[in-house]
file work.cif (mmCIF, C-alpha atoms and all ligand atoms)
data_query
#
loop_
_atom_site.label_atom_id
_atom_site.label_comp_id
_atom_site.auth_asym_id
_atom_site.auth_seq_id
_atom_site.Cartn_x
_atom_site.Cartn_y
_atom_site.Cartn_z
CA MET A 1297 40.30 -67.87 -47.22
CA ASP A 1298 41.95 -64.43 -46.99
CA ALA A 1299 40.60 -63.70 -43.50
CA VAL A 1300 40.41 -60.04 -42.47
CA ILE A 1301 38.79 -60.86 -39.14
CA SER A 1302 39.18 -63.90 -36.95
CA VAL A 1303 37.42 -64.37 -33.65
CA GLU A 1304 37.95 -67.36 -31.39
CA HIS A 1305 35.99 -67.96 -28.21
CA CYS A 1306 35.33 -64.28 -27.63
CA ARG A 1307 33.66 -63.57 -24.30
CA LYS A 1308 32.37 -60.29 -22.90
CA SER A 1309 30.31 -59.50 -19.82
CA TYR A 1310 29.10 -56.35 -18.10
CA ARG A 1311 29.16 -56.90 -14.34
CA ASP A 1312 26.62 -59.71 -13.92
CA VAL A 1313 25.35 -59.72 -17.55
CA LEU A 1314 27.08 -62.25 -19.80
CA ALA A 1315 26.54 -60.55 -23.18
CA VAL A 1316 28.90 -62.69 -25.30
CA GLU A 1317 29.49 -66.18 -23.98
CA ASP A 1318 31.52 -67.91 -26.67
CA VAL A 1319 31.65 -66.49 -30.19
CA SER A 1320 33.95 -67.70 -32.99
CA PHE A 1321 33.95 -66.86 -36.71
CA THR A 1322 36.16 -65.59 -39.50
CA VAL A 1323 35.34 -62.99 -42.13
CA ALA A 1324 36.87 -63.24 -45.59
CA ARG A 1325 38.10 -60.19 -47.47
CA GLY A 1326 35.43 -58.82 -49.80
CA GLU A 1327 32.36 -60.47 -48.33
CA ILE A 1328 29.25 -59.11 -46.66
CA PHE A 1329 29.20 -60.99 -43.39
CA GLY A 1330 26.10 -60.80 -41.21
CA LEU A 1331 25.50 -61.28 -37.51
CA LEU A 1332 21.81 -62.10 -37.24
CA GLY A 1333 19.95 -62.57 -33.99
CA PRO A 1334 17.26 -61.18 -31.72
CA ASN A 1335 17.69 -58.14 -29.49
CA GLY A 1336 20.11 -58.78 -26.67
CA ALA A 1337 21.84 -61.72 -28.40
CA GLY A 1338 25.25 -60.07 -28.02
CA LYS A 1339 25.82 -58.89 -31.61
CA THR A 1340 26.66 -55.27 -30.83
CA SER A 1341 28.96 -56.22 -27.95
CA THR A 1342 30.80 -58.59 -30.30
CA VAL A 1343 31.39 -56.01 -33.02
CA GLU A 1344 32.35 -53.41 -30.41
CA CYS A 1345 35.11 -55.78 -29.25
CA LEU A 1346 36.26 -56.12 -32.88
CA GLN A 1347 36.43 -52.36 -33.35
CA GLY A 1348 38.47 -51.76 -30.22
CA LEU A 1349 35.56 -49.98 -28.55
CA ARG A 1350 35.29 -52.53 -25.75
CA ARG A 1351 37.79 -54.94 -24.25
CA ARG A 1352 36.85 -58.61 -24.32
CA ASP A 1353 37.19 -60.76 -21.20
CA ALA A 1354 38.57 -63.81 -22.99
CA GLY A 1355 39.30 -65.26 -26.41
CA THR A 1356 41.41 -64.24 -29.39
CA VAL A 1357 40.50 -61.52 -31.87
CA GLU A 1358 42.44 -60.33 -34.89
CA VAL A 1359 41.24 -57.56 -37.20
CA LEU A 1360 43.48 -56.94 -40.21
CA GLY A 1361 46.22 -58.79 -38.39
CA THR A 1362 45.99 -56.69 -35.23
CA ASP A 1363 44.51 -57.40 -31.80
CA PRO A 1364 42.07 -54.52 -31.24
CA ASP A 1365 42.59 -54.70 -27.45
CA ARG A 1366 46.30 -54.09 -27.86
CA ARG A 1367 46.30 -51.56 -30.70
CA PRO A 1368 42.79 -50.06 -30.99
CA ASP A 1369 44.17 -46.99 -32.80
CA ARG A 1370 45.80 -49.10 -35.48
CA VAL A 1371 42.56 -51.03 -36.10
CA ARG A 1372 40.35 -47.93 -36.09
CA ARG A 1373 42.48 -46.19 -38.72
CA ARG A 1374 41.72 -48.97 -41.18
CA ILE A 1375 38.03 -49.56 -40.51
CA GLY A 1376 34.85 -47.56 -40.92
CA SER A 1377 32.04 -47.59 -38.45
CA GLN A 1378 28.43 -46.54 -38.61
CA LEU A 1379 27.50 -43.85 -36.11
CA GLN A 1380 24.41 -44.11 -33.94
CA SER A 1381 21.85 -41.34 -34.69
CA SER A 1382 22.55 -39.76 -31.34
CA ALA A 1383 26.20 -39.24 -32.30
CA LEU A 1384 25.40 -36.34 -34.67
CA PRO A 1385 24.05 -33.03 -33.29
CA ASP A 1386 20.58 -32.34 -34.73
CA ARG A 1387 21.62 -28.97 -36.12
CA LEU A 1388 24.81 -30.10 -37.81
CA ARG A 1389 24.47 -29.57 -41.55
CA VAL A 1390 25.18 -32.37 -44.00
CA GLY A 1391 28.08 -30.58 -45.69
CA GLU A 1392 29.63 -29.73 -42.32
CA ALA A 1393 29.34 -33.31 -41.12
CA VAL A 1394 31.16 -34.61 -44.19
CA ARG A 1395 33.84 -31.90 -43.91
CA LEU A 1396 34.35 -32.61 -40.21
CA PHE A 1397 34.64 -36.37 -40.61
CA ALA A 1398 36.81 -36.08 -43.73
CA ALA A 1399 39.23 -33.90 -41.74
CA GLY A 1400 39.16 -36.46 -38.92
CA ARG A 1401 40.18 -39.16 -41.41
CA GLY A 1402 43.33 -37.16 -41.96
CA SER A 1403 43.41 -37.61 -45.71
CA ALA A 1404 42.71 -35.16 -48.51
CA LEU A 1405 39.11 -35.92 -49.37
CA ASP A 1406 37.04 -33.84 -51.75
CA VAL A 1407 33.82 -32.97 -49.87
CA ALA A 1408 31.88 -31.88 -52.98
CA GLU A 1409 32.78 -35.13 -54.70
CA ILE A 1410 31.66 -37.19 -51.70
CA LEU A 1411 28.34 -35.33 -51.44
CA ASP A 1412 27.83 -35.92 -55.12
CA ALA A 1413 28.68 -39.61 -54.96
CA TRP A 1414 26.14 -40.16 -52.18
CA ASP A 1415 23.45 -38.02 -53.79
CA LEU A 1416 23.58 -35.57 -50.88
CA THR A 1417 24.50 -32.37 -52.76
CA ALA A 1418 20.92 -31.09 -52.82
CA VAL A 1419 20.67 -31.40 -49.02
CA ARG A 1420 24.19 -30.26 -48.15
CA GLY A 1421 22.86 -27.18 -46.28
CA ARG A 1422 20.17 -29.11 -44.43
CA ALA A 1423 20.40 -29.89 -40.71
CA PHE A 1424 20.84 -33.57 -39.85
CA ALA A 1425 17.52 -33.70 -37.95
CA ALA A 1426 15.64 -32.38 -41.00
CA LEU A 1427 16.73 -35.29 -43.24
CA SER A 1428 14.44 -38.19 -44.09
CA GLY A 1429 15.32 -41.57 -42.59
CA GLY A 1430 16.77 -42.73 -45.91
CA GLN A 1431 18.91 -39.58 -46.25
CA GLN A 1432 20.19 -39.97 -42.69
CA GLN A 1433 21.27 -43.55 -43.43
CA ARG A 1434 22.92 -42.40 -46.67
CA LEU A 1435 24.88 -39.82 -44.69
CA PHE A 1436 25.89 -42.45 -42.10
CA LEU A 1437 27.09 -44.72 -44.88
CA ALA A 1438 28.98 -41.88 -46.56
CA LEU A 1439 30.72 -41.08 -43.25
CA ALA A 1440 31.45 -44.71 -42.45
CA LEU A 1441 32.98 -45.25 -45.87
CA LEU A 1442 35.07 -42.07 -46.03
CA GLY A 1443 38.51 -42.82 -47.39
CA ARG A 1444 37.45 -46.34 -48.42
CA PRO A 1445 38.19 -48.34 -45.27
CA GLU A 1446 39.13 -51.99 -45.66
CA ILE A 1447 36.28 -53.08 -43.39
CA VAL A 1448 33.08 -51.30 -42.50
CA PHE A 1449 30.87 -52.18 -39.51
CA LEU A 1450 27.18 -51.45 -39.92
CA ASP A 1451 24.85 -51.96 -36.95
CA GLU A 1452 21.07 -52.06 -37.50
CA LEU A 1453 21.54 -49.96 -40.60
CA THR A 1454 17.99 -49.98 -41.90
CA THR A 1455 15.95 -50.15 -38.70
CA GLY A 1456 13.00 -47.78 -39.04
CA LEU A 1457 13.29 -47.33 -42.81
CA ASP A 1458 10.38 -47.98 -45.16
CA PRO A 1459 10.84 -50.91 -47.58
CA GLN A 1460 11.87 -48.70 -50.50
CA ALA A 1461 14.52 -46.78 -48.55
CA ARG A 1462 15.69 -50.09 -47.10
CA ARG A 1463 16.21 -51.54 -50.56
CA SER A 1464 18.13 -48.50 -51.79
CA THR A 1465 20.34 -48.70 -48.70
CA TRP A 1466 21.03 -52.37 -49.45
CA ASP A 1467 22.14 -51.36 -52.96
CA LEU A 1468 24.61 -48.89 -51.42
CA VAL A 1469 26.02 -51.60 -49.15
CA ARG A 1470 26.46 -53.93 -52.13
CA ALA A 1471 28.19 -51.13 -54.03
CA ALA A 1472 30.60 -50.64 -51.11
CA ARG A 1473 31.41 -54.35 -51.16
CA ASP A 1474 31.87 -54.24 -54.95
CA ASN A 1475 34.34 -51.37 -54.39
CA GLY A 1476 36.47 -53.63 -52.25
CA THR A 1477 35.29 -52.93 -48.69
CA THR A 1478 34.51 -55.94 -46.52
CA VAL A 1479 31.18 -55.42 -44.75
CA VAL A 1480 30.23 -56.67 -41.28
CA LEU A 1481 26.52 -56.19 -40.82
CA VAL A 1482 24.63 -56.49 -37.54
CA THR A 1483 20.92 -57.05 -37.96
CA HIS A 1484 17.87 -58.59 -36.37
CA LEU A 1485 16.05 -58.54 -39.72
CA MET A 1486 15.92 -61.91 -41.38
CA GLU A 1487 15.04 -60.38 -44.77
CA GLU A 1488 18.06 -58.10 -44.58
CA ALA A 1489 20.47 -60.94 -43.83
CA GLU A 1490 18.95 -63.04 -46.61
CA ALA A 1491 19.04 -60.26 -49.20
CA LEU A 1492 22.49 -58.89 -48.44
CA CYS A 1493 24.82 -61.33 -46.77
CA ASP A 1494 27.24 -63.73 -48.42
CA ARG A 1495 27.51 -65.54 -45.09
CA VAL A 1496 25.58 -65.24 -41.87
CA ALA A 1497 26.39 -66.15 -38.28
CA ILE A 1498 23.17 -66.69 -36.37
CA VAL A 1499 23.74 -65.46 -32.83
CA ASP A 1500 21.62 -66.35 -29.84
CA ARG A 1501 22.29 -65.76 -26.16
CA GLY A 1502 25.92 -64.90 -26.70
CA ARG A 1503 26.73 -67.86 -28.95
CA VAL A 1504 26.92 -68.60 -32.68
CA VAL A 1505 24.32 -71.30 -33.27
CA ALA A 1506 24.78 -71.63 -37.06
CA LEU A 1507 27.08 -70.18 -39.72
CA ASP A 1508 26.96 -70.46 -43.50
CA SER A 1509 25.55 -68.76 -46.59
CA PRO A 1510 21.81 -68.01 -46.32
CA GLY A 1511 21.14 -70.55 -49.07
CA MET A 1512 23.08 -73.34 -47.35
CA LEU A 1513 21.59 -72.54 -43.94
CA THR A 1514 18.04 -72.72 -45.21
CA ALA A 1515 18.72 -75.83 -47.29
CA ARG A 1516 20.44 -77.61 -44.40
CA LEU A 1517 18.44 -76.47 -41.42
CA GLY A 1518 15.31 -74.72 -42.64
CA GLY A 1519 13.22 -77.83 -43.20
CA ASP A 1520 10.91 -78.71 -46.06
CA ILE A 1521 9.63 -76.62 -48.93
CA THR A 1522 5.84 -76.50 -48.90
CA MET A 1523 3.61 -76.27 -51.94
CA THR A 1524 -0.05 -75.28 -51.84
CA PHE A 1525 -2.73 -75.21 -54.49
CA THR A 1526 -6.49 -75.48 -54.86
CA ALA A 1527 -7.27 -79.15 -55.43
CA ASP A 1528 -10.56 -78.39 -57.17
CA GLY A 1529 -12.00 -81.90 -56.78
CA HIS A 1530 -8.66 -83.58 -57.48
CA ASP A 1531 -7.39 -86.04 -54.84
CA PRO A 1532 -3.69 -85.17 -54.31
CA ALA A 1533 -2.94 -88.39 -52.36
CA HIS A 1534 -0.96 -89.82 -55.34
CA LEU A 1535 1.68 -87.11 -54.75
CA ALA A 1536 2.88 -88.99 -51.65
CA ALA A 1537 4.62 -91.41 -54.06
CA VAL A 1538 6.65 -88.64 -55.73
CA PRO A 1539 10.34 -88.95 -54.73
CA GLY A 1540 11.29 -86.36 -52.11
CA VAL A 1541 7.73 -85.69 -50.91
CA SER A 1542 7.39 -86.09 -47.15
CA SER A 1543 3.71 -85.27 -46.61
CA VAL A 1544 0.48 -84.53 -48.43
CA ARG A 1545 -2.50 -82.88 -46.74
CA ARG A 1546 -5.81 -81.70 -47.95
CA THR A 1547 -7.83 -79.18 -45.97
CA GLY A 1548 -11.10 -78.45 -47.71
CA GLU A 1549 -10.11 -77.66 -51.27
CA VAL A 1550 -6.54 -76.63 -50.40
CA ALA A 1551 -3.79 -79.21 -50.89
CA THR A 1552 -0.48 -78.82 -49.06
CA VAL A 1553 2.53 -80.88 -50.10
CA ALA A 1554 5.85 -80.76 -48.27
CA GLY A 1555 9.22 -82.14 -49.27
CA ALA A 1556 12.86 -81.58 -50.07
CA GLY A 1557 13.87 -78.79 -52.44
CA ASP A 1558 14.26 -80.95 -55.51
CA CYS A 1559 10.73 -82.38 -55.44
CA VAL A 1560 8.97 -79.21 -56.59
CA VAL A 1561 9.40 -79.82 -60.30
CA ARG A 1562 8.45 -83.51 -59.88
CA VAL A 1563 5.26 -82.59 -58.00
CA ALA A 1564 4.34 -80.05 -60.66
CA SER A 1565 4.88 -82.54 -63.47
CA ALA A 1566 2.98 -85.31 -61.64
CA LEU A 1567 0.03 -82.93 -61.48
CA ALA A 1568 0.39 -81.88 -65.11
CA GLU A 1569 0.47 -85.54 -66.21
CA ARG A 1570 -3.01 -85.91 -64.72
CA GLY A 1571 -4.19 -82.76 -66.43
CA VAL A 1572 -4.17 -80.78 -63.16
CA THR A 1573 -2.67 -77.31 -63.71
CA PRO A 1574 -3.74 -75.17 -60.76
CA SER A 1575 -3.22 -71.47 -61.44
CA ASP A 1576 -2.56 -70.79 -57.74
CA PHE A 1577 0.29 -73.32 -57.31
CA ARG A 1578 2.60 -71.68 -54.77
CA THR A 1579 5.84 -72.69 -53.11
CA HIS A 1580 7.10 -71.51 -49.74
CA HIS A 1581 10.84 -71.85 -49.27
CA PRO A 1582 12.27 -72.02 -45.76
CA THR A 1583 13.78 -68.75 -44.52
CA LEU A 1584 16.43 -67.85 -41.96
CA GLU A 1585 13.52 -67.42 -39.55
CA ASP A 1586 12.89 -71.18 -39.94
CA VAL A 1587 16.60 -71.82 -39.38
CA PHE A 1588 16.51 -69.75 -36.20
CA LEU A 1589 13.45 -71.67 -35.00
CA ALA A 1590 15.09 -75.02 -35.82
CA THR A 1591 18.33 -74.16 -33.99
CA THR A 1592 16.94 -72.33 -30.95
CA GLY A 1593 13.32 -73.43 -30.61
CA ARG A 1594 12.24 -69.77 -30.62
CA THR A 1595 11.40 -67.15 -33.26
CA LEU A 1596 13.62 -64.16 -34.04
CA ARG A 1597 10.88 -61.85 -32.85
CA ASP A 1598 10.44 -63.44 -29.43
N1 LIG B 1601 26.99 -51.22 -21.53
C1 LIG B 1601 26.26 -52.24 -21.09
N2 LIG B 1601 26.12 -52.44 -19.74
C2 LIG B 1601 25.40 -53.48 -19.27
N3 LIG B 1601 24.78 -54.40 -20.05
C3 LIG B 1601 24.88 -54.23 -21.38
C4 LIG B 1601 25.62 -53.17 -21.97
N4 LIG B 1601 25.54 -53.28 -23.32
C5 LIG B 1601 24.79 -54.37 -23.56
N5 LIG B 1601 24.38 -54.95 -22.41
C6 LIG B 1601 23.59 -56.19 -22.26
O1 LIG B 1601 24.28 -57.23 -22.93
C7 LIG B 1601 23.38 -58.08 -23.63
C8 LIG B 1601 23.78 -58.12 -25.10
O2 LIG B 1601 23.57 -56.82 -25.67
P1 LIG B 1601 24.03 -56.42 -27.14
O3 LIG B 1601 23.66 -54.99 -27.35
O4 LIG B 1601 25.42 -56.83 -27.36
O5 LIG B 1601 23.10 -57.36 -27.99
P2 LIG B 1601 22.52 -57.18 -29.44
O6 LIG B 1601 22.38 -58.54 -29.99
O7 LIG B 1601 23.32 -56.22 -30.22
O8 LIG B 1601 21.10 -56.61 -29.16
P3 LIG B 1601 20.49 -55.19 -29.52
O9 LIG B 1601 20.11 -55.29 -30.95
O10 LIG B 1601 19.32 -55.12 -28.60
O11 LIG B 1601 21.56 -54.16 -29.22
C9 LIG B 1601 22.00 -57.52 -23.36
O12 LIG B 1601 21.46 -58.23 -22.29
C10 LIG B 1601 22.26 -56.08 -23.00
O13 LIG B 1601 21.24 -55.60 -22.14
#

call {"tool": "encode", "arguments": {"input": "work.cif", "output": "structure tokens", "more": "lines below"}}
Ligand SMILES: Nc1ncnc2c1ncn2[C@@H]1O[C@H](COP(=O)(O)OP(=O)(O)OP(=O)(O)O)[C@@H](O)[C@H]1O
result
Amino acid sequence: MDAVISVEHCRKSYRDVLAVEDVSFTVARGEIFGLLGPNGAGKTSTVECLQGLRRRDAGTVEVLGTDPDRRPDRVRRRIGSQLQSSALPDRLRVGEAVRLFAAGRGSALDVAEILDAWDLTAVRGRAFAALSGGQQQRLFLALALLGRPEIVFLDELTTGLDPQARRSTWDLVRAARDNGTTVVLVTHLMEEAEALCDRVAIVDRGRVVALDSPGMLTARLGGDITMTFTADGHDPAHLAAVPGVSSVRRTGEVATVAGAGDCVVRVASALAERGVTPSDFRTHHPTLEDVFLATTGRTLRD
């Protein structure tokens, strides 16, 4: 793995609050890596240590080969970071913001071209506070990605956006990754981690409790797939003999079958063989929410 970030036993506390107890992971060049966990899990503190914005208390951290505690300037020159909304004055206009930040990057960047690339030309004269939520996030992404940093850190990027704006923002993050930027994404949204991340570290109470691709995490730790359908007079008990099936229940007319991932097709064909073809046959696949529950005993929203 061509690691651009490596973190070993990182620890960070604020007076008597232990925010990050023991966090280790590596991020490979070119991936979208997610830190997923509930509020207060220590995600933001962790990425702030990586960006040289806070000093860790213990552990080893390397970002692009540099320890951010020793050379924060060197790290910050090569990374991009999403601003918090409060970091931009309400009356700052979009064009001015891009010009200001482009100048701060110290390289010759074409402001008109950037506005165009991010579909912000039409609102270039508009004050930041007058932008829609989606436009504000687009501006934050444009600023974070100015000069094509090698790594970009995005923290709760789509919080507060409607589903459509959220999806368009995800497309922009994927495009950044496809352009060669490694993305570190902090989120408490299970759907966001599942949709976007190549790999996810699930963080809880200052520790990484699981780390893998969303698909592997759910397959390994998420538990059974469940299938439901209207039995319509059919007794589904025979499905218990299908390889991979772990339970069969019938509540009123609704049958619920649970089992490992590869039993779905076998269950469907066992039904079809008996001439049962329910039009409402549905499968529920485990999600990262189920993984969080399995590893911590709590839900992400608790
Ligand atoms: N500057 C600070 N001073 C004191 N305590 C802090 C500070 N920043 C964070 N904390 C505390 O550290 C813990 C971890 O916070 P952190 O922001 O890192 O978690 P998080 O997973 O990013 O959660 P959130 O999404 O709520 O920001 C929390 O208990 C938080 O209250």

call {"tool": "residues_near_ligand", "arguments": {"input": "work.cif", "ligand": "ligand LIG 1601 (chain B)", "cutoff": "7 Å", "atoms": "all atoms listed in the file", "output": "MDAnalysis selection string"}}
result
chainID A and resid 1310 1313:1316 1333:1342 1484

call {"tool": "residues_around", "arguments": {"input": "work.cif", "residues": "range 1505-1514 of chain A", "least_positions_apart": "4", "cutoff": "6 Å", "atoms": "only C-alpha atoms", "output": "list in words"}}
result
Glu1490, Asp1494, Arg1495, Val1496, Ala1497, Ile1498, Val1499, Gly1518, Pro1582 and Thr1583 of chain A

call {"tool": "residues_around", "arguments": {"input": "work.cif", "residues": "Val1359 in chain A", "least_positions_apart": "5", "cutoff": "7 Å", "atoms": "only C-alpha atoms", "output": "list in words"}}
result
Val1300, Ile1301, Ser1302, Leu1346, Pro1364 and Val1371 of chain A

call {"tool": "closest_residue", "arguments": {"input": "work.cif", "among": "A:Ala1399, A:Ile1375, A:Val1390, A:Ala1556", "to": "Ser1542 in chain A", "atoms": "all atoms listed in the file"}}
result
A:Ala1556

call {"tool": "closest_residue", "arguments": {"input": "work.cif", "among": "A:Ala1425, A:Ala1398, A:Leu1416, A:Ala1527", "to": "Gly1548 in chain A", "atoms": "all atoms listed in the file"}}
result
A:Ala1527

call {"tool": "closest_residue", "arguments": {"input": "work.cif", "among": "A:Leu1435, A:Leu1535, A:Ala1489, A:Leu1360", "to": "Cys1559 in chain A", "atoms": "only C-alpha atoms"}}
result
A:Leu1535

call {"tool": "atom_distance", "arguments": {"input": "work.cif", "atom1": "CA of Arg1325 in chain A", "atom2": "CA of Thr1478 in chain A"}}
result
5.6 Å

call {"tool": "residues_around", "arguments": {"input": "work.cif", "residues": "Asp1474 in chain A", "least_positions_apart": "6", "cutoff": "10 Å", "atoms": "all atoms listed in the file", "output": "PyMOL selection string"}}
result
chain A and resi 1326-1328+1468

call {"tool": "residues_around", "arguments": {"input": "work.cif", "residues": "Val1469 in chain A", "least_positions_apart": "5", "cutoff": "12 Å", "atoms": "only C-alpha atoms", "output": "VMD selection string"}}
result
chain A and resid 1326 to 1329 1378 1414 1433 to 1434 1436 to 1438 1440 to 1441 1447 to 1450 1453 to 1454 1462 to 1464 1474 to 1481 1488 1491 to 1493

call {"tool": "write_last_selection", "arguments": {"input": "work.cif", "atoms": "C-alpha atoms", "output": "PDB file, in the frame of the given file"}}
result
ATOM      1  CA  GLY A1326      35.430 -58.820 -49.800  1.00  0.00           C
ATOM      2  CA  GLU A1327      32.360 -60.470 -48.330  1.00  0.00           C
ATOM      3  CA  ILE A1328      29.250 -59.110 -46.660  1.00  0.00           C
ATOM      4  CA  PHE A1329      29.200 -60.990 -43.390  1.00  0.00           C
ATOM      5  CA  GLN A1378      28.430 -46.540 -38.610  1.00  0.00           C
ATOM      6  CA  TRP A1414      26.140 -40.160 -52.180  1.00  0.00           C
ATOM      7  CA  GLN A1433      21.270 -43.550 -43.430  1.00  0.00           C
ATOM      8  CA  ARG A1434      22.920 -42.400 -46.670  1.00  0.00           C
ATOM      9  CA  PHE A1436      25.890 -42.450 -42.100  1.00  0.00           C
ATOM     10  CA  LEU A1437      27.090 -44.720 -44.880  1.00  0.00           C
ATOM     11  CA  ALA A1438      28.980 -41.880 -46.560  1.00  0.00           C
ATOM     12  CA  ALA A1440      31.450 -44.710 -42.450  1.00  0.00           C
ATOM     13  CA  LEU A1441      32.980 -45.250 -45.870  1.00  0.00           C
ATOM     14  CA  ILE A1447      36.280 -53.080 -43.390  1.00  0.00           C
ATOM     15  CA  VAL A1448      33.080 -51.300 -42.500  1.00  0.00           C
ATOM     16  CA  PHE A1449      30.870 -52.180 -39.510  1.00  0.00           C
ATOM     17  CA  LEU A1450      27.180 -51.450 -39.920  1.00  0.00           C
ATOM     18  CA  LEU A1453      21.540 -49.960 -40.600  1.00  0.00           C
ATOM     19  CA  THR A1454      17.990 -49.980 -41.900  1.00  0.00           C
ATOM     20  CA  ARG A1462      15.690 -50.090 -47.100  1.00  0.00           C
ATOM     21  CA  ARG A1463      16.210 -51.540 -50.560  1.00  0.00           C
ATOM     22  CA  SER A1464      18.130 -48.500 -51.790  1.00  0.00           C
ATOM     23  CA  ASP A1474      31.870 -54.240 -54.950  1.00  0.00           C
ATOM     24  CA  ASN A1475      34.340 -51.370 -54.390  1.00  0.00           C
ATOM     25  CA  GLY A1476      36.470 -53.630 -52.250  1.00  0.00           C
ATOM     26  CA  THR A1477      35.290 -52.930 -48.690  1.00  0.00           C
ATOM     27  CA  THR A1478      34.510 -55.940 -46.520  1.00  0.00           C
ATOM     28  CA  VAL A1479      31.180 -55.420 -44.750  1.00  0.00           C
ATOM     29  CA  VAL A1480      30.230 -56.670 -41.280  1.00  0.00           C
ATOM     30  CA  LEU A1481      26.520 -56.190 -40.820  1.00  0.00           C
ATOM     31  CA  GLU A1488      18.060 -58.100 -44.580  1.00  0.00           C
ATOM     32  CA  ALA A1491      19.040 -60.260 -49.200  1.00  0.00           C
ATOM     33  CA  LEU A1492      22.490 -58.890 -48.440  1.00  0.00           C
ATOM     34  CA  CYS A1493      24.820 -61.330 -46.770  1.00  0.00           C
TER      35      CYS A1493
END
